[in-house]
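Chemist: Structure file start38.txt (compact mmCIF, N, CA and C atoms) is given on the next line.
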# COMPACT_ATOMS: atom_id res chain seq x y z
N MET A 181 -88.60 48.77 -107.07
CA MET A 181 -87.76 47.87 -106.30
C MET A 181 -88.56 46.61 -105.98
N ASN A 182 -87.86 45.48 -105.97
CA ASN A 182 -88.45 44.21 -105.59
C ASN A 182 -87.84 43.75 -104.27
N TYR A 183 -88.48 42.78 -103.66
CA TYR A 183 -88.05 42.24 -102.38
C TYR A 183 -87.93 40.73 -102.49
N TRP A 184 -86.99 40.19 -101.74
CA TRP A 184 -86.68 38.77 -101.82
C TRP A 184 -86.38 38.23 -100.44
N LEU A 185 -86.31 36.92 -100.34
CA LEU A 185 -85.84 36.25 -99.14
C LEU A 185 -84.87 35.18 -99.60
N VAL A 186 -83.69 35.15 -99.00
CA VAL A 186 -82.71 34.10 -99.25
C VAL A 186 -82.48 33.34 -97.95
N LYS A 187 -82.24 32.04 -98.12
CA LYS A 187 -82.01 31.18 -96.95
C LYS A 187 -80.59 30.65 -96.96
N SER A 188 -80.04 30.56 -95.76
CA SER A 188 -78.75 29.89 -95.59
C SER A 188 -78.72 29.22 -94.23
N GLU A 189 -78.14 28.03 -94.20
CA GLU A 189 -77.87 27.39 -92.91
C GLU A 189 -76.84 28.28 -92.22
N PRO A 190 -77.07 28.65 -90.96
CA PRO A 190 -76.12 29.56 -90.29
C PRO A 190 -74.70 29.00 -90.19
N ASP A 191 -74.55 27.68 -90.17
CA ASP A 191 -73.19 27.12 -90.11
C ASP A 191 -72.52 27.09 -91.49
N VAL A 192 -73.30 27.35 -92.55
CA VAL A 192 -72.73 27.44 -93.90
C VAL A 192 -72.34 28.88 -94.21
N TYR A 193 -73.27 29.82 -94.01
CA TYR A 193 -72.95 31.23 -94.21
C TYR A 193 -73.86 32.06 -93.32
N HIS A 194 -73.33 32.42 -92.18
CA HIS A 194 -74.06 33.17 -91.15
C HIS A 194 -74.18 34.64 -91.56
N PHE A 195 -75.26 35.28 -91.17
CA PHE A 195 -75.42 36.71 -91.46
C PHE A 195 -74.27 37.52 -90.86
N GLU A 196 -73.77 37.12 -89.71
CA GLU A 196 -72.63 37.81 -89.09
C GLU A 196 -71.41 37.76 -90.01
N THR A 197 -71.26 36.67 -90.75
CA THR A 197 -70.16 36.56 -91.71
C THR A 197 -70.32 37.59 -92.81
N LEU A 198 -71.54 37.75 -93.31
CA LEU A 198 -71.80 38.77 -94.33
C LEU A 198 -71.49 40.16 -93.77
N LEU A 199 -71.87 40.42 -92.54
CA LEU A 199 -71.57 41.72 -91.93
C LEU A 199 -70.06 41.96 -91.87
N LYS A 200 -69.30 40.92 -91.52
CA LYS A 200 -67.84 41.06 -91.45
C LYS A 200 -67.21 41.22 -92.83
N GLU A 201 -67.65 40.39 -93.78
CA GLU A 201 -67.05 40.40 -95.11
C GLU A 201 -67.52 41.57 -95.97
N LYS A 202 -68.69 42.14 -95.63
CA LYS A 202 -69.26 43.31 -96.30
C LYS A 202 -69.77 43.07 -97.71
N GLU A 203 -69.60 41.86 -98.25
CA GLU A 203 -70.10 41.53 -99.58
C GLU A 203 -69.96 40.03 -99.80
N THR A 204 -70.90 39.46 -100.55
CA THR A 204 -70.76 38.05 -100.90
C THR A 204 -71.40 37.77 -102.25
N MET A 205 -70.86 36.77 -102.91
CA MET A 205 -71.48 36.24 -104.11
C MET A 205 -72.44 35.15 -103.62
N TRP A 206 -73.74 35.30 -103.91
CA TRP A 206 -74.73 34.33 -103.45
C TRP A 206 -74.75 33.17 -104.42
N ASP A 207 -74.00 32.12 -104.09
CA ASP A 207 -73.83 30.99 -104.99
C ASP A 207 -74.34 29.69 -104.37
N GLY A 208 -74.22 28.63 -105.12
CA GLY A 208 -74.60 27.31 -104.62
C GLY A 208 -76.08 26.98 -104.77
N VAL A 209 -76.85 27.84 -105.39
CA VAL A 209 -78.28 27.57 -105.59
C VAL A 209 -78.42 26.55 -106.71
N ARG A 210 -79.07 25.43 -106.40
CA ARG A 210 -79.18 24.34 -107.38
C ARG A 210 -80.64 23.91 -107.59
N ASN A 211 -81.50 24.89 -107.75
CA ASN A 211 -82.90 24.64 -108.02
C ASN A 211 -83.31 25.58 -109.15
N ASN A 212 -83.99 25.05 -110.16
CA ASN A 212 -84.33 25.86 -111.34
C ASN A 212 -85.24 27.03 -110.99
N ALA A 213 -86.23 26.84 -110.13
CA ALA A 213 -87.12 27.94 -109.75
C ALA A 213 -86.34 29.02 -109.00
N ALA A 214 -85.48 28.60 -108.07
CA ALA A 214 -84.67 29.56 -107.32
C ALA A 214 -83.71 30.30 -108.26
N ARG A 215 -83.18 29.59 -109.25
CA ARG A 215 -82.29 30.23 -110.24
C ARG A 215 -83.05 31.33 -110.98
N LEU A 216 -84.30 31.07 -111.35
CA LEU A 216 -85.10 32.09 -112.03
C LEU A 216 -85.30 33.32 -111.14
N HIS A 217 -85.48 33.08 -109.84
CA HIS A 217 -85.62 34.20 -108.90
C HIS A 217 -84.32 35.00 -108.82
N LEU A 218 -83.18 34.32 -108.78
CA LEU A 218 -81.89 35.02 -108.79
C LEU A 218 -81.75 35.87 -110.05
N LYS A 219 -82.17 35.33 -111.18
CA LYS A 219 -82.06 36.06 -112.44
C LYS A 219 -82.99 37.27 -112.49
N ALA A 220 -84.04 37.24 -111.68
CA ALA A 220 -85.00 38.36 -111.64
C ALA A 220 -84.56 39.48 -110.70
N MET A 221 -83.58 39.21 -109.85
CA MET A 221 -83.12 40.22 -108.90
C MET A 221 -82.45 41.38 -109.62
N LYS A 222 -82.75 42.59 -109.16
CA LYS A 222 -82.18 43.80 -109.76
C LYS A 222 -81.33 44.54 -108.73
N LYS A 223 -80.36 45.28 -109.22
CA LYS A 223 -79.52 46.10 -108.35
C LYS A 223 -80.42 47.02 -107.52
N GLY A 224 -80.20 47.03 -106.21
CA GLY A 224 -80.99 47.86 -105.30
C GLY A 224 -82.12 47.11 -104.61
N ASP A 225 -82.48 45.92 -105.11
CA ASP A 225 -83.52 45.14 -104.44
C ASP A 225 -83.08 44.79 -103.03
N LEU A 226 -84.05 44.76 -102.12
CA LEU A 226 -83.75 44.40 -100.73
C LEU A 226 -84.09 42.93 -100.49
N VAL A 227 -83.31 42.32 -99.60
CA VAL A 227 -83.38 40.88 -99.38
C VAL A 227 -83.46 40.59 -97.89
N LEU A 228 -84.47 39.83 -97.50
CA LEU A 228 -84.54 39.32 -96.12
C LEU A 228 -83.58 38.14 -96.03
N TYR A 229 -82.75 38.12 -95.02
CA TYR A 229 -81.76 37.06 -94.84
C TYR A 229 -82.28 36.11 -93.77
N TYR A 230 -82.50 34.87 -94.15
CA TYR A 230 -83.15 33.88 -93.30
C TYR A 230 -82.17 32.76 -92.95
N HIS A 231 -82.04 32.49 -91.65
CA HIS A 231 -81.26 31.34 -91.21
C HIS A 231 -82.17 30.12 -91.17
N SER A 232 -81.87 29.14 -92.00
CA SER A 232 -82.67 27.92 -92.03
C SER A 232 -82.12 26.92 -91.01
N GLY A 233 -82.43 25.66 -91.18
CA GLY A 233 -81.96 24.64 -90.24
C GLY A 233 -82.66 24.76 -88.91
N ASP A 234 -81.90 24.66 -87.84
CA ASP A 234 -82.48 24.69 -86.49
C ASP A 234 -83.03 26.06 -86.11
N GLU A 235 -82.47 27.14 -86.67
CA GLU A 235 -82.88 28.49 -86.28
C GLU A 235 -84.24 28.89 -86.85
N LYS A 236 -84.42 28.74 -88.16
CA LYS A 236 -85.67 29.11 -88.84
C LYS A 236 -86.16 30.50 -88.46
N GLN A 237 -85.36 31.52 -88.86
CA GLN A 237 -85.72 32.90 -88.52
C GLN A 237 -85.05 33.89 -89.46
N VAL A 238 -85.76 35.00 -89.70
CA VAL A 238 -85.20 36.12 -90.46
C VAL A 238 -84.31 36.89 -89.50
N VAL A 239 -83.07 37.13 -89.91
CA VAL A 239 -82.10 37.75 -89.01
C VAL A 239 -81.57 39.09 -89.49
N GLY A 240 -81.71 39.38 -90.79
CA GLY A 240 -81.14 40.61 -91.29
C GLY A 240 -81.67 41.00 -92.66
N ILE A 241 -81.13 42.10 -93.15
CA ILE A 241 -81.50 42.62 -94.47
C ILE A 241 -80.22 42.82 -95.26
N ALA A 242 -80.26 42.40 -96.52
CA ALA A 242 -79.16 42.60 -97.45
C ALA A 242 -79.70 43.35 -98.67
N LYS A 243 -78.78 43.74 -99.54
CA LYS A 243 -79.17 44.46 -100.75
C LYS A 243 -78.40 43.87 -101.93
N VAL A 244 -79.08 43.78 -103.07
CA VAL A 244 -78.44 43.31 -104.30
C VAL A 244 -77.61 44.46 -104.87
N THR A 245 -76.30 44.21 -105.07
CA THR A 245 -75.45 45.25 -105.66
C THR A 245 -74.97 44.87 -107.05
N LYS A 246 -75.11 43.60 -107.40
CA LYS A 246 -74.76 43.17 -108.76
C LYS A 246 -75.79 42.14 -109.20
N GLU A 247 -76.42 42.43 -110.33
CA GLU A 247 -77.43 41.53 -110.87
C GLU A 247 -76.79 40.23 -111.33
N TRP A 248 -77.60 39.27 -111.64
CA TRP A 248 -77.13 37.91 -111.90
C TRP A 248 -76.00 37.84 -112.92
N TYR A 249 -75.13 36.90 -112.66
CA TYR A 249 -74.04 36.55 -113.57
C TYR A 249 -73.77 35.07 -113.38
N PRO A 250 -73.08 34.42 -114.32
CA PRO A 250 -72.86 32.98 -114.19
C PRO A 250 -71.97 32.65 -112.98
N GLU A 251 -72.33 31.60 -112.30
CA GLU A 251 -71.50 31.14 -111.18
C GLU A 251 -70.14 30.71 -111.74
N PRO A 252 -69.04 31.21 -111.19
CA PRO A 252 -67.72 30.95 -111.77
C PRO A 252 -67.39 29.46 -111.98
N ASN A 253 -67.71 28.62 -111.02
CA ASN A 253 -67.36 27.19 -111.14
C ASN A 253 -68.49 26.33 -111.69
N ALA A 254 -69.62 26.95 -111.98
CA ALA A 254 -70.77 26.22 -112.54
C ALA A 254 -71.58 27.22 -113.37
N PRO A 255 -71.08 27.57 -114.56
CA PRO A 255 -71.67 28.67 -115.32
C PRO A 255 -73.12 28.49 -115.76
N GLU A 256 -73.64 27.30 -115.65
CA GLU A 256 -75.06 27.10 -115.98
C GLU A 256 -75.98 27.61 -114.86
N TRP A 257 -75.39 27.94 -113.72
CA TRP A 257 -76.15 28.44 -112.58
C TRP A 257 -75.91 29.94 -112.39
N ALA A 258 -76.84 30.59 -111.73
CA ALA A 258 -76.78 32.05 -111.56
C ALA A 258 -76.38 32.43 -110.13
N VAL A 259 -75.73 33.58 -110.02
CA VAL A 259 -75.39 34.16 -108.73
C VAL A 259 -75.69 35.65 -108.78
N VAL A 260 -75.80 36.27 -107.61
CA VAL A 260 -75.89 37.72 -107.48
C VAL A 260 -74.91 38.12 -106.39
N THR A 261 -74.61 39.40 -106.32
CA THR A 261 -73.77 39.90 -105.23
C THR A 261 -74.66 40.62 -104.23
N LEU A 262 -74.48 40.29 -102.96
CA LEU A 262 -75.24 40.89 -101.87
C LEU A 262 -74.30 41.61 -100.91
N VAL A 263 -74.80 42.70 -100.35
CA VAL A 263 -74.11 43.39 -99.26
C VAL A 263 -75.08 43.51 -98.09
N PRO A 264 -74.57 43.49 -96.87
CA PRO A 264 -75.46 43.61 -95.72
C PRO A 264 -75.99 45.03 -95.57
N GLN A 265 -77.22 45.15 -95.10
CA GLN A 265 -77.80 46.45 -94.79
C GLN A 265 -77.87 46.63 -93.29
N LYS A 266 -78.49 45.66 -92.61
CA LYS A 266 -78.54 45.74 -91.16
C LYS A 266 -79.02 44.43 -90.56
N LYS A 267 -78.62 44.23 -89.35
CA LYS A 267 -79.11 43.11 -88.55
C LYS A 267 -80.45 43.57 -87.95
N LEU A 268 -81.42 42.68 -87.93
CA LEU A 268 -82.71 43.04 -87.35
C LEU A 268 -82.58 43.24 -85.84
N LYS A 269 -83.34 44.19 -85.29
CA LYS A 269 -83.34 44.42 -83.83
C LYS A 269 -83.72 43.14 -83.10
N LYS A 270 -84.74 42.47 -83.63
CA LYS A 270 -85.23 41.23 -83.06
C LYS A 270 -85.47 40.27 -84.22
N THR A 271 -84.97 39.04 -84.12
CA THR A 271 -85.20 38.09 -85.20
C THR A 271 -86.70 37.77 -85.29
N VAL A 272 -87.11 37.34 -86.49
CA VAL A 272 -88.51 37.00 -86.72
C VAL A 272 -88.55 35.51 -87.08
N THR A 273 -89.10 34.72 -86.19
CA THR A 273 -89.10 33.27 -86.36
C THR A 273 -90.14 32.82 -87.37
N LEU A 274 -89.89 31.66 -87.95
CA LEU A 274 -90.86 31.05 -88.86
C LEU A 274 -92.18 30.82 -88.13
N LYS A 275 -92.11 30.43 -86.87
CA LYS A 275 -93.32 30.20 -86.08
C LYS A 275 -94.16 31.48 -85.99
N SER A 276 -93.51 32.62 -85.75
CA SER A 276 -94.26 33.88 -85.65
C SER A 276 -94.77 34.34 -87.02
N ILE A 277 -94.04 34.02 -88.07
CA ILE A 277 -94.51 34.34 -89.43
C ILE A 277 -95.76 33.53 -89.74
N LYS A 278 -95.72 32.24 -89.43
CA LYS A 278 -96.89 31.38 -89.68
C LYS A 278 -98.09 31.79 -88.83
N ALA A 279 -97.84 32.34 -87.66
CA ALA A 279 -98.93 32.76 -86.77
C ALA A 279 -99.56 34.08 -87.21
N ASN A 280 -98.87 34.82 -88.06
CA ASN A 280 -99.36 36.12 -88.53
C ASN A 280 -100.25 35.90 -89.75
N LYS A 281 -101.55 36.06 -89.57
CA LYS A 281 -102.51 35.81 -90.67
C LYS A 281 -102.24 36.70 -91.88
N LYS A 282 -101.64 37.86 -91.68
CA LYS A 282 -101.32 38.76 -92.79
C LYS A 282 -100.26 38.15 -93.72
N LEU A 283 -99.52 37.16 -93.22
CA LEU A 283 -98.43 36.57 -93.99
C LEU A 283 -98.76 35.16 -94.49
N ALA A 284 -100.02 34.80 -94.46
CA ALA A 284 -100.45 33.44 -94.81
C ALA A 284 -100.07 33.03 -96.23
N GLU A 285 -99.95 33.98 -97.15
CA GLU A 285 -99.62 33.66 -98.53
C GLU A 285 -98.14 33.81 -98.86
N MET A 286 -97.34 34.08 -97.86
CA MET A 286 -95.91 34.29 -98.09
C MET A 286 -95.28 33.04 -98.68
N LYS A 287 -94.44 33.22 -99.69
CA LYS A 287 -93.78 32.10 -100.38
C LYS A 287 -92.90 31.29 -99.42
N LEU A 288 -92.36 31.92 -98.41
CA LEU A 288 -91.57 31.21 -97.41
C LEU A 288 -92.38 30.06 -96.81
N ILE A 289 -93.68 30.28 -96.67
CA ILE A 289 -94.57 29.25 -96.12
C ILE A 289 -95.09 28.34 -97.22
N LYS A 290 -95.51 28.93 -98.32
CA LYS A 290 -96.15 28.17 -99.42
C LYS A 290 -95.18 27.30 -100.21
N ILE A 291 -93.95 27.79 -100.40
CA ILE A 291 -92.93 27.05 -101.17
C ILE A 291 -91.69 26.95 -100.28
N SER A 292 -91.82 26.25 -99.20
CA SER A 292 -90.81 26.27 -98.14
C SER A 292 -89.47 25.65 -98.55
N ARG A 293 -89.43 24.87 -99.59
CA ARG A 293 -88.18 24.21 -99.98
C ARG A 293 -87.22 25.12 -100.76
N LEU A 294 -87.75 26.19 -101.33
CA LEU A 294 -86.89 27.06 -102.15
C LEU A 294 -85.99 27.94 -101.29
N SER A 295 -84.75 28.11 -101.73
CA SER A 295 -83.79 28.92 -100.97
C SER A 295 -83.79 30.39 -101.38
N VAL A 296 -84.48 30.72 -102.47
CA VAL A 296 -84.62 32.10 -102.92
C VAL A 296 -86.06 32.28 -103.36
N VAL A 297 -86.78 33.20 -102.70
CA VAL A 297 -88.18 33.43 -103.05
C VAL A 297 -88.50 34.92 -103.06
N PRO A 298 -89.47 35.30 -103.90
CA PRO A 298 -89.90 36.69 -103.87
C PRO A 298 -90.73 36.99 -102.63
N VAL A 299 -90.72 38.24 -102.24
CA VAL A 299 -91.48 38.73 -101.09
C VAL A 299 -92.21 39.99 -101.56
N THR A 300 -93.45 40.15 -101.19
CA THR A 300 -94.15 41.38 -101.57
C THR A 300 -93.67 42.53 -100.68
N SER A 301 -93.92 43.75 -101.12
CA SER A 301 -93.52 44.90 -100.30
C SER A 301 -94.28 44.89 -98.97
N PHE A 302 -95.54 44.46 -99.00
CA PHE A 302 -96.31 44.36 -97.76
C PHE A 302 -95.69 43.34 -96.81
N GLU A 303 -95.31 42.17 -97.34
CA GLU A 303 -94.70 41.12 -96.50
C GLU A 303 -93.37 41.61 -95.93
N PHE A 304 -92.58 42.27 -96.76
CA PHE A 304 -91.30 42.80 -96.30
C PHE A 304 -91.53 43.77 -95.15
N ASP A 305 -92.44 44.72 -95.34
CA ASP A 305 -92.73 45.71 -94.29
C ASP A 305 -93.27 45.05 -93.03
N GLU A 306 -94.09 44.03 -93.18
CA GLU A 306 -94.66 43.34 -92.01
C GLU A 306 -93.56 42.63 -91.22
N ILE A 307 -92.63 41.99 -91.92
CA ILE A 307 -91.50 41.33 -91.24
C ILE A 307 -90.67 42.38 -90.48
N ILE A 308 -90.41 43.51 -91.12
CA ILE A 308 -89.64 44.58 -90.45
C ILE A 308 -90.39 45.07 -89.23
N ASN A 309 -91.70 45.30 -89.36
CA ASN A 309 -92.50 45.72 -88.20
C ASN A 309 -92.45 44.70 -87.08
N MET A 310 -92.52 43.43 -87.42
CA MET A 310 -92.44 42.36 -86.40
C MET A 310 -91.09 42.38 -85.70
N SER A 311 -90.03 42.75 -86.43
CA SER A 311 -88.69 42.76 -85.84
C SER A 311 -88.47 43.95 -84.92
N GLU A 312 -89.35 44.93 -85.02
CA GLU A 312 -89.18 46.15 -84.22
C GLU A 312 -90.14 46.21 -83.06
N SER A 313 -91.04 45.24 -82.96
CA SER A 313 -92.03 45.30 -81.85
C SER A 313 -91.61 44.46 -80.67
Could you express the structure from this file as C-alpha cells?
Modeler:
Amino acid sequence: MNYWLVKSEPDVYHFETLLKEKETMWDGVRNNAARLHLKAMKKGDLVLYYHSGDEKQVVGIAKVTKEWYPEPNAPEWAVVTLVPQKKLKKTVTLKSIKANKKLAEMKLIKISRLSVVPVTSFEFDEIINMSES
C-alpha cells in the first residue's frame, strides 16, 4: 500500500462534503507532476486530506477506490475516486508538521505547491499520531 496527501481549499471541496457524499472523483488537477502522482495511486491506498488556503491542516483520511481514469471533461488529465475513511480526532496544522523534525523531508513541505504528493508510511503514521495526542 502507498500513502498520499491531497489538498483542497475547504470552500472548494471540504472534507465534510466528502463525508456527506461518501465518494468523489478527485478532479481539477492541472499540474503534470501531480497528474503523475494520481496515475501512481492504487486501489486501497490511503490519503491524507489537507485543507489548504487559510486553514493549512490535515483534517481527515480518505481511500482510493478507483485507480486513475481520464477526467471526463478533460481527458488528457487524470482523476481517481476517493471515499472518506475518517475525520481526524484533532487536525494537524502545517505549522505543527514543520515543527516536527521527523517530518522535515515531507513533500508537503519540500514541494508545497503540488496538490497531490506521496507520503511515506512513517510520515503517514506520524501525522496520525499527532492527530491523536
Chemist: As a ChimeraX atom specification, please: every residue in range 253-297 of chain A that a backbone DSSP assignment puts in strand (DSSP E).
Modeler: /A:254-273,296-297
Chemist: Which value, in Å to one decimal, gives the distance between atom C of Glu189 in chain A and CA of Ser301 in chain A?
Modeler: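 According to the coordinates, atom C of Glu189 in chain A and CA of Ser301 in chain A are separated by 24.9 Å.
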Chemist: For Glu247 in chain A, which residue among A:Leu274, A:Ile307, A:Val259, A:Met205 is the nearest when counting all atoms listed in the file?
Modeler: A:Val259
Chemist: Could you tell me, as number ranges by chain, which residues of range 222-291 of chain A DSSP assigns to helix (DSSP H, G or I) when given the backbone?
Modeler: A: 274-279, 281-283, 287-290
Chemist: Do a neighbour search on Glu312 in chain A at 8 Å with only C-alpha atoms, toss out local chain neighbours closer than 6 positions, and write the hits as an mmCIF file with N, CA and C atoms, in the coordinates of the input.
Modeler:
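Result went into result-v5.cif, see below:
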data_model
loop_
_atom_site.group_PDB
_atom_site.id
_atom_site.type_symbol
_atom_site.label_atom_id
_atom_site.label_comp_id
_atom_site.auth_asym_id
_atom_site.auth_seq_id
_atom_site.Cartn_x
_atom_site.Cartn_y
_atom_site.Cartn_z
ATOM 1 N N LEU A 268 -81.420 42.680 -87.930
ATOM 2 C CA LEU A 268 -82.710 43.040 -87.350
ATOM 3 C C LEU A 268 -82.580 43.240 -85.840
ATOM 4 N N LYS A 269 -83.340 44.190 -85.290
ATOM 5 C CA LYS A 269 -83.340 44.420 -83.830
ATOM 6 C C LYS A 269 -83.720 43.140 -83.100
ATOM 7 N N LYS A 270 -84.740 42.470 -83.630
ATOM 8 C CA LYS A 270 -85.230 41.230 -83.060
ATOM 9 C C LYS A 270 -85.470 40.270 -84.220
#
Chemist: Hey, what's within 12 Å of range 284-296 of chain A if we count only C-alpha atoms and toss same-chain stuff fewer than 3 positions away? As an NGL selection string, please?
Modeler: :A and (183-189 or 206-221 or 227-233 or 236-238 or 258-260 or 273-281 or 299-304 or 306-307)
Chemist: Counting only C-alpha atoms, figure out which residue out of A:Asp305, A:Leu262, A:Val239, A:Gly224 gets nearest to Thr204 in chain A.
Modeler: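 Closest to Thr204 in chain A of all the choices is A:Leu262.
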Chemist: Give me the residues near Lys267 in chain A as a list in words, where near means some atom within 9 Å (using only C-alpha atoms) and where sequence neighbours in that chain fewer than 3 positions away do not count.
Modeler: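 Non-adjacent residues within range: Phe195, Glu196, Leu199, Val239, Gly240, Ile241, Ala242, Pro264, Lys270 and Thr271 of chain A.
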Chemist: Tell me which residues come within 6 Å of (-74.0, 47.9, -108.6), as a list of chain:residue names, counting only N, CA and C atoms in the file's coordinates.
Modeler: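 It turns out the residues near that spot are A:Lys223, A:Thr245, A:Lys246.
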Chemist: Tell me, in Å to one decimal, how far atom N of Lys243 in chain A is from atom N of Asn309 in chain A.
Modeler: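 Distance reported for this atom pair: 16.5 Å.
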Chemist: Go ahead and compute the interatomic distance for CA of Asp234 in chain A and CA of Pro190 in chain A, in Å to one decimal.
Modeler: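 Those two atoms sit 8.9 Å apart.
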